[in-house]
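Chemist: Structure incoming, see below.
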Amino acid sequence: MHVLTLPLPQHIPEAIASRMSAPRRGFTGWTRWILLACFTALMIWAWFGAEMRPVELALNTGNIAKLTSDFFPADFHDWRFYAKEMVVTVHIALWGTFLAVLAAIPLGLLSSANLAPWWIHQPVRRLMDAARAINELIFALLFIVAVGLGPFAGVLALFVHTTGILAKLFSEVVEAIDPRPVEGVRATGGSHLAEICYGVIPQVLPLWVSYSLYRFESNVRSATVIGIVGAGGIGMVLHDLMASFMYGPACAVLAIIVITVVAIDLISAQVRRAMI
Amino acid sequence: MPIAASPIQASAVSVRSVSRTFRSGSGVRHALRDVSIEIAPGEMVALIGPSGSGKSTLLRSLAGLLTTDAGGTITVGGRTVQADGRLASDVRAIRSGIGVVFQQFNLAERLPVVTNVCVGMVSRIPAWRVVAGRFTPAERFAALQALDRVGILEQAWQRSGTLSGGQQQRAAIARALVQRPGLILGDEPIASLDPGSCRLVMEAFARINREDGATVVVSLHQIDWAMRFCRRVIALRAGRLVYDGPTAGLDAATLRSVYGGEFHAAGGDDATALRPAVPAELPEPELVAAT
């Protein structure tokens, strides 16, 4: 095969020569080294804070192997009960996500800089930051105090935390829209509401649905965890089994969790693909 | 069907000493400088001028989508759109009487064509129906009738984004049509279309002007379209009105005064060789034939 090589001319004009390689961007010179040093120092500090002990991990492999072997064979004797509690967990995730989506629609619109003035979108954003910053596990502990042990506390915990996440994701989508269809509605004399319904929503809907389904998947996983603190569902069962050293049944519960989460992820991914 | 049957009251347009200055970090750009224009009801006017001459700024100011500098006044159909740099308090009501057709169509691509057309009526329907997306049979009929007029009734239930550029632009015209507007503005409506679609879109404008009697102001990049469809031409250059008169009065010298200087400003006389010098190169006989 004949390969054509483009020859570099002898004389390159200065205007071109100075642009032959990409200009350096970002941090240069000393700043670069100082930043690297800072990062290294941070990681070393965190090493002690996190009490990292890789040697012990290696020395204790025997214990870990012993514990692992206790889990097998899995004891599926009570599987009907586990399955029932797993369904409750999915129910918690369903309602937690559904309420969060309903709340995140107005809150997401209100925290979009291209729709709401700063004195609205800034406070709403900070509120959503707070909802997001506090883990659902902590919200679960709070709601257990408020509404008592059980799935409803889990629903409320997921609802508040997920609202914070979805409102942020929703508003990011809104801020990335093409402004022209919105202007098209405005030019017909439409109200703000009409601009949102016919200019904004049609553009953001596929991603909003996608994010909502993704949060539902995540919330099924989270719902198994918040059960551990007493907010209902399979997590509560798992906690009880682990606390009474019943590792065989616990292994069965874990298997059921894995199967359910994988199944829901697969179904949800299919739905999301169909929506876009 | 009151929506479709009532005759249009064409709007007069009055622009009095309007200026618009854009300020950015680096400097000041005068998009419009003391422009005054009077357009009678029912006229069909072409707005021409090189890129950056202020055509789009003028049209968007007319539509009440952009405010102008203090000191100017814009009225459409006798109602003040904006005065002294401030939009009228009832600007949404005034906008509903002005149809705007944009270069990039500005449709919601995922919605069916007919829904996009119905959007032209949202200013007249209650808020709950806006949110619910409920349009009455009479409204749907008006939308379909408008689509029929622009020749894309077949595509009514297709997603707008699946249509060709020319079809999308005609959908946008149908959206403007159901507003029953006294004034239709076209902001470079054919700049991103193929020649065949350009003709269909320009014919739609001409028909609305002729049959419905609406005033039409349309900015155009190519002068031959202005020659073919409009009797009156308004030319802008660097934000200033440089020609306002019959299309027949546009001779090569006038066109050179509209476009000519741009070549010098763009980097000396050499630039003329690099750019397609549309107006200067247009031979005189062709201009006559085109009209």
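Letters for chains follow the order of the structure tokens (A, B, ...), residue numbers begin at 1 for each chain, and ligand numbers begin at 1 in the order shown.
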Sorted by chain and rising residue number, list the residues of chain A at most 10 Å from chain B (counting only C-alpha atoms), each with its closest atom pair and distance in Å to one decimal, as a Markdown table.
Modeler:
| residue | atom | partner | partner_atom | distance |
| --- | --- | --- | --- | --- |
| A:Asp178 | CA | B:Asn106 | CA | 9.1 |
| A:Pro179 | CA | B:Asn106 | CA | 8.5 |
| A:Arg180 | CA | B:Asn106 | CA | 4.9 |
| A:Pro181 | CA | B:Asn106 | CA | 4.1 |
| A:Val182 | CA | B:Asn106 | CA | 7.4 |
| A:Glu183 | CA | B:Asn106 | CA | 7.0 |
| A:Gly184 | CA | B:Asn106 | CA | 5.1 |
| A:Val185 | CA | B:Val119 | CA | 6.6 |
| A:Arg186 | CA | B:Arg92 | CA | 7.8 |
| A:Ala187 | CA | B:Arg95 | CA | 5.9 |
| A:Thr188 | CA | B:Ser96 | CA | 4.8 |
| A:Gly189 | CA | B:Ser96 | CA | 4.1 |
| A:Gly190 | CA | B:Ser123 | CA | 4.8 |
| A:Ser191 | CA | B:Ser123 | CA | 6.8 |
| A:His192 | CA | B:Arg92 | CA | 9.9 |
| A:Leu193 | CA | B:Val131 | CA | 7.4 |
| A:Ala194 | CA | B:Val130 | CA | 6.1 |
| A:Glu195 | CA | B:Val119 | CA | 9.4 |
| A:Ile196 | CA | B:Val131 | CA | 9.0 |
| A:Cys197 | CA | B:Val131 | CA | 6.3 |
| A:Tyr198 | CA | B:Ala108 | CA | 6.8 |
| A:Gly199 | CA | B:Ala108 | CA | 6.0 |
| A:Val200 | CA | B:Ala108 | CA | 8.4 |
| A:Ile201 | CA | B:Ala108 | CA | 9.2 |
| A:Pro202 | CA | B:Arg110 | CA | 6.1 |
| A:Gln203 | CA | B:Ala108 | CA | 7.1 |
| A:Leu205 | CA | B:Arg110 | CA | 9.5 |
| A:Pro206 | CA | B:Arg110 | CA | 9.7 |
Chemist: I need the helix (DSSP H, G or I) residues of segment 42-244 of chain A per DSSP on the backbone, written as a PyMOL selection string.
Modeler: chain A and resi 42-49+54-59+61-70+79-110+118-133+136-147+151-175+179-187+192-229+234-243
Chemist: Sort by chain and increasing residue number a table of all residues of segment 25-126 of chain A within 12 Å of segment 249-270 of chain A, each with its closest pair of atoms and their distance in Å to one decimal, counting only C-alpha atoms, and write it as a Markdown table.
Modeler:
| residue | atom | partner | partner_atom | distance |
| --- | --- | --- | --- | --- |
| A:Leu67 | CA | A:Cys251 | CA | 11.5 |
| A:Thr68 | CA | A:Cys251 | CA | 9.7 |
| A:Ser69 | CA | A:Cys251 | CA | 10.5 |
| A:Asp70 | CA | A:Cys251 | CA | 9.2 |
| A:Phe71 | CA | A:Cys251 | CA | 5.5 |
| A:Phe72 | CA | A:Cys251 | CA | 7.2 |
| A:Pro73 | CA | A:Cys251 | CA | 8.1 |
| A:Ala74 | CA | A:Ala252 | CA | 5.1 |
| A:Asp75 | CA | A:Pro249 | CA | 4.5 |
| A:Phe76 | CA | A:Ala252 | CA | 5.5 |
| A:His77 | CA | A:Pro249 | CA | 7.7 |
| A:Asp78 | CA | A:Pro249 | CA | 7.8 |
| A:Trp79 | CA | A:Ala252 | CA | 7.6 |
| A:Arg80 | CA | A:Ile256 | CA | 10.7 |
| A:Phe81 | CA | A:Val253 | CA | 9.9 |
| A:Tyr82 | CA | A:Val253 | CA | 6.3 |
| A:Ala83 | CA | A:Ile256 | CA | 7.2 |
| A:Lys84 | CA | A:Ile256 | CA | 10.7 |
| A:Glu85 | CA | A:Val253 | CA | 9.7 |
| A:Met86 | CA | A:Ile257 | CA | 7.1 |
| A:Val87 | CA | A:Thr260 | CA | 9.1 |
| A:Val88 | CA | A:Thr260 | CA | 11.9 |
| A:Thr89 | CA | A:Ile257 | CA | 9.6 |
| A:Val90 | CA | A:Thr260 | CA | 8.8 |
| A:Ala93 | CA | A:Ile264 | CA | 11.3 |
| A:Leu94 | CA | A:Ile264 | CA | 11.4 |
Chemist: Could you name the residues that touch Cys198 of chain B at 12 Å or less, counting only C-alpha atoms, but leaving out those on the same chain fewer than 2 positions away, as a ChimeraX atom specification?
Modeler: /B:103,165-170,188-196,200-205,220-222,224-226,228-229
Chemist: Could the residues in this selection be saved with N, CA, C and O atoms as a short mmCIF file (atom, residue, chain, number, x, y, z; two decimals), in the first residue's frame?
Modeler:
data_model
loop_
_atom_site.label_atom_id
_atom_site.label_comp_id
_atom_site.auth_asym_id
_atom_site.auth_seq_id
_atom_site.Cartn_x
_atom_site.Cartn_y
_atom_site.Cartn_z
N GLN B 103 -35.78 31.55 12.58
CA GLN B 103 -34.88 30.82 11.66
C GLN B 103 -34.81 29.33 12.02
O GLN B 103 -34.85 28.48 11.15
N GLY B 165 -36.74 20.35 7.47
CA GLY B 165 -36.66 21.76 7.86
C GLY B 165 -37.80 22.59 7.29
O GLY B 165 -38.43 23.37 7.99
N GLY B 166 -38.07 22.37 6.02
CA GLY B 166 -39.13 23.15 5.37
C GLY B 166 -40.50 22.87 5.97
O GLY B 166 -41.31 23.77 6.15
N GLN B 167 -40.73 21.58 6.31
CA GLN B 167 -42.01 21.23 6.92
C GLN B 167 -42.12 21.82 8.33
O GLN B 167 -43.17 22.31 8.73
N GLN B 168 -40.99 21.78 9.08
CA GLN B 168 -41.01 22.35 10.43
C GLN B 168 -41.31 23.84 10.36
O GLN B 168 -42.04 24.38 11.17
N GLN B 169 -40.71 24.52 9.36
CA GLN B 169 -40.94 25.95 9.27
C GLN B 169 -42.41 26.23 8.93
O GLN B 169 -42.98 27.20 9.41
N ARG B 170 -43.00 25.36 8.11
CA ARG B 170 -44.41 25.57 7.78
C ARG B 170 -45.29 25.28 9.00
O ARG B 170 -46.32 25.92 9.21
N GLU B 188 -35.33 35.71 9.58
CA GLU B 188 -34.56 34.83 8.70
C GLU B 188 -35.25 33.47 8.53
O GLU B 188 -34.63 32.43 8.72
N PRO B 189 -36.52 33.47 8.16
CA PRO B 189 -37.25 32.19 8.18
C PRO B 189 -36.78 31.19 7.15
O PRO B 189 -37.08 30.00 7.28
N ILE B 190 -36.06 31.63 6.13
CA ILE B 190 -35.64 30.66 5.11
C ILE B 190 -34.13 30.48 5.07
O ILE B 190 -33.61 29.81 4.19
N ALA B 191 -33.44 31.06 6.04
CA ALA B 191 -31.96 31.03 6.00
C ALA B 191 -31.39 29.62 6.13
O ALA B 191 -30.30 29.34 5.66
N SER B 192 -32.14 28.69 6.79
CA SER B 192 -31.55 27.35 6.92
C SER B 192 -32.33 26.31 6.12
O SER B 192 -32.36 25.15 6.48
N LEU B 193 -32.97 26.75 5.04
CA LEU B 193 -33.76 25.82 4.23
C LEU B 193 -33.20 25.66 2.82
O LEU B 193 -32.48 26.53 2.32
N ASP B 194 -33.55 24.54 2.19
CA ASP B 194 -33.15 24.33 0.80
C ASP B 194 -34.04 25.19 -0.11
O ASP B 194 -35.12 25.62 0.31
N PRO B 195 -33.62 25.44 -1.33
CA PRO B 195 -34.36 26.37 -2.19
C PRO B 195 -35.83 26.00 -2.39
O PRO B 195 -36.69 26.88 -2.37
N GLY B 196 -36.13 24.71 -2.52
CA GLY B 196 -37.52 24.30 -2.71
C GLY B 196 -38.38 24.68 -1.51
O GLY B 196 -39.48 25.23 -1.66
N LEU B 200 -41.73 27.38 -0.82
CA LEU B 200 -42.99 27.04 -0.14
C LEU B 200 -43.24 27.93 1.07
O LEU B 200 -44.37 28.38 1.30
N VAL B 201 -42.18 28.19 1.83
CA VAL B 201 -42.33 29.01 3.03
C VAL B 201 -42.66 30.45 2.65
O VAL B 201 -43.57 31.06 3.21
N MET B 202 -41.96 30.99 1.65
CA MET B 202 -42.23 32.37 1.23
C MET B 202 -43.63 32.50 0.64
O MET B 202 -44.31 33.50 0.84
N GLU B 203 -44.06 31.45 -0.08
CA GLU B 203 -45.43 31.47 -0.62
C GLU B 203 -46.47 31.47 0.49
O GLU B 203 -47.50 32.12 0.39
N ALA B 204 -46.15 30.72 1.58
CA ALA B 204 -47.08 30.71 2.72
C ALA B 204 -47.21 32.11 3.31
O ALA B 204 -48.32 32.58 3.61
N PHE B 205 -46.07 32.80 3.45
CA PHE B 205 -46.11 34.18 3.96
C PHE B 205 -46.95 35.07 3.04
O PHE B 205 -47.80 35.83 3.50
N LEU B 220 -34.57 38.78 5.35
CA LEU B 220 -34.07 37.83 4.35
C LEU B 220 -32.59 38.07 4.09
O LEU B 220 -32.11 39.20 4.10
N HIS B 221 -31.89 36.97 3.87
CA HIS B 221 -30.46 37.05 3.62
C HIS B 221 -30.20 37.28 2.14
O HIS B 221 -29.27 37.96 1.75
N GLN B 222 -31.04 36.67 1.31
CA GLN B 222 -30.82 36.77 -0.12
C GLN B 222 -31.82 37.74 -0.73
O GLN B 222 -33.03 37.60 -0.54
N ASP B 224 -32.77 38.24 -3.75
CA ASP B 224 -33.70 37.83 -4.81
C ASP B 224 -35.05 37.38 -4.26
O ASP B 224 -36.08 37.56 -4.89
N TRP B 225 -35.05 36.80 -3.04
CA TRP B 225 -36.34 36.42 -2.43
C TRP B 225 -37.15 37.67 -2.09
O TRP B 225 -38.36 37.69 -2.26
N ALA B 226 -36.46 38.69 -1.59
CA ALA B 226 -37.13 39.95 -1.28
C ALA B 226 -37.74 40.54 -2.55
O ALA B 226 -38.89 40.99 -2.56
N ARG B 228 -38.68 38.97 -5.18
CA ARG B 228 -39.76 38.18 -5.74
C ARG B 228 -41.05 38.32 -4.94
O ARG B 228 -42.14 38.20 -5.49
N PHE B 229 -40.96 38.54 -3.62
CA PHE B 229 -42.16 38.46 -2.80
C PHE B 229 -42.61 39.77 -2.14
O PHE B 229 -43.72 39.84 -1.68
#
Chemist: What does the distance from atom CA of Met242 of chain A to atom CA of Ala153 of chain A come to in Å, to one decimal?
Modeler: 22.1 Å
Chemist: Which polymer residues have any atom within 12 Å of an atom of Gln155 of chain B, counting only C-alpha atoms, with same-chain residues fewer than 6 positions away left out, as a list in words?
Modeler: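 Surrounding residues, per the criterion: Pro112, Val113, Val114, Thr115, Val117, Leu144, Leu147, Asp148, Gly161, Thr162, Leu163, Ser164, Gln167, Gln168, Arg170 and Ala171 of chain B.
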Chemist: Give me, please, the distance in Å between atom CA of Ile37 of chain B and atom CA of Ala214 of chain B, quoted to one decimal.
Modeler: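 Result for atom CA of Ile37 of chain B versus atom CA of Ala214 of chain B: 17.6 Å, one decimal.
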Chemist: Any idea what the distance is between atom CA of Val124 of chain A and atom CA of Ile105 of chain A?
Modeler: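 For atom CA of Val124 of chain A relative to atom CA of Ile105 of chain A, the distance reads 12.5 Å.
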Chemist: Given the choices A:His239, A:Arg272, A:His121, A:Arg25, which gets closest to Glu175 of chain A if the distance is worked out from only C-alpha atoms?
Modeler: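 Among the listed residues, A:His121 lies closest to Glu175 of chain A.
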Chemist: Using DSSP on the backbone, list every residue of segment 193-226 of chain B that comes out as strand (DSSP E or B), and give them as a list in words.
Modeler: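 Filtering segment 193-226 of chain B to strand (DSSP E or B) leaves Thr215, Val216, Val217, Val218 and Ser219 of chain B.
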Chemist: Do you know which residues are at most 12 Å from Ala12 of chain B counting only C-alpha atoms, after dropping those on the same chain fewer than 5 positions away, and could you put them as a compact mmCIF listing (two decimals) with N, CA and C atoms, in the first residue's frame?
Modeler:
# COMPACT_ATOMS: atom_id res chain seq x y z
N ILE B 37 -39.45 53.69 11.61
CA ILE B 37 -40.11 53.03 10.47
C ILE B 37 -41.62 53.12 10.68
N GLU B 38 -42.34 53.37 9.61
CA GLU B 38 -43.81 53.30 9.66
C GLU B 38 -44.26 52.29 8.62
N ILE B 39 -45.04 51.30 9.05
CA ILE B 39 -45.56 50.29 8.12
C ILE B 39 -47.08 50.31 8.21
N ALA B 40 -47.72 50.42 7.03
CA ALA B 40 -49.19 50.49 7.00
C ALA B 40 -49.77 49.09 7.14
N PRO B 41 -51.02 48.99 7.63
CA PRO B 41 -51.66 47.68 7.75
C PRO B 41 -51.71 46.97 6.40
N GLY B 42 -51.37 45.67 6.39
CA GLY B 42 -51.49 44.87 5.18
C GLY B 42 -50.30 44.90 4.26
N GLU B 43 -49.24 45.60 4.64
CA GLU B 43 -48.04 45.62 3.79
C GLU B 43 -47.26 44.32 3.95
N MET B 44 -46.46 44.00 2.93
CA MET B 44 -45.52 42.89 3.05
C MET B 44 -44.13 43.46 2.79
N VAL B 45 -43.33 43.49 3.85
CA VAL B 45 -42.06 44.21 3.82
C VAL B 45 -40.90 43.26 4.03
N LEU B 62 -39.68 44.31 17.96
CA LEU B 62 -41.07 44.46 17.52
C LEU B 62 -41.97 43.44 18.21
N ILE B 74 -42.13 51.62 20.30
CA ILE B 74 -42.60 50.69 19.27
C ILE B 74 -44.08 50.42 19.53
N THR B 75 -44.91 50.66 18.52
CA THR B 75 -46.31 50.30 18.64
C THR B 75 -46.70 49.37 17.50
N VAL B 76 -47.58 48.43 17.81
CA VAL B 76 -48.11 47.50 16.80
C VAL B 76 -49.62 47.54 16.92
N GLY B 77 -50.28 47.84 15.82
CA GLY B 77 -51.74 47.92 15.83
C GLY B 77 -52.26 48.96 16.81
N GLY B 78 -51.50 50.03 16.97
CA GLY B 78 -51.94 51.10 17.85
C GLY B 78 -51.63 50.86 19.33
N ARG B 79 -51.14 49.64 19.67
CA ARG B 79 -50.84 49.36 21.08
C ARG B 79 -49.33 49.42 21.29
N THR B 80 -48.93 49.99 22.40
CA THR B 80 -47.51 50.15 22.69
C THR B 80 -46.92 48.81 23.12
N GLY B 97 -51.07 38.80 19.58
CA GLY B 97 -51.53 39.33 18.30
C GLY B 97 -50.42 39.47 17.27
N ILE B 98 -49.22 38.99 17.61
CA ILE B 98 -48.08 39.05 16.70
C ILE B 98 -47.54 37.64 16.50
N PRO B 181 -52.99 36.56 13.90
CA PRO B 181 -52.25 37.77 14.23
C PRO B 181 -52.45 38.87 13.18
N GLY B 182 -52.43 40.09 13.64
CA GLY B 182 -52.50 41.21 12.72
C GLY B 182 -51.16 41.48 12.07
N LEU B 183 -50.11 40.94 12.69
CA LEU B 183 -48.75 41.14 12.18
C LEU B 183 -47.99 39.83 12.28
N ILE B 184 -47.31 39.47 11.18
CA ILE B 184 -46.45 38.28 11.23
C ILE B 184 -45.02 38.72 10.98
N GLY B 213 -54.82 39.16 4.94
CA GLY B 213 -54.59 40.59 5.07
C GLY B 213 -53.62 40.99 6.15
N ALA B 214 -52.93 40.01 6.75
CA ALA B 214 -52.00 40.34 7.84
C ALA B 214 -50.79 41.12 7.31
N THR B 215 -50.31 42.05 8.12
CA THR B 215 -49.07 42.73 7.81
C THR B 215 -47.93 41.72 7.99
N VAL B 216 -46.97 41.71 7.07
CA VAL B 216 -45.86 40.76 7.16
C VAL B 216 -44.54 41.52 7.07
N VAL B 217 -43.65 41.27 8.01
CA VAL B 217 -42.29 41.81 7.94
C VAL B 217 -41.35 40.63 8.05
Chemist: Measuring atom to atom with only C-alpha atoms, identify which of A:Leu158, A:Leu149, A:Leu115, A:Met246 is nearest to Arg215 of chain A.
Modeler: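 The shortest atom-to-atom distance to Arg215 of chain A comes from A:Leu158.
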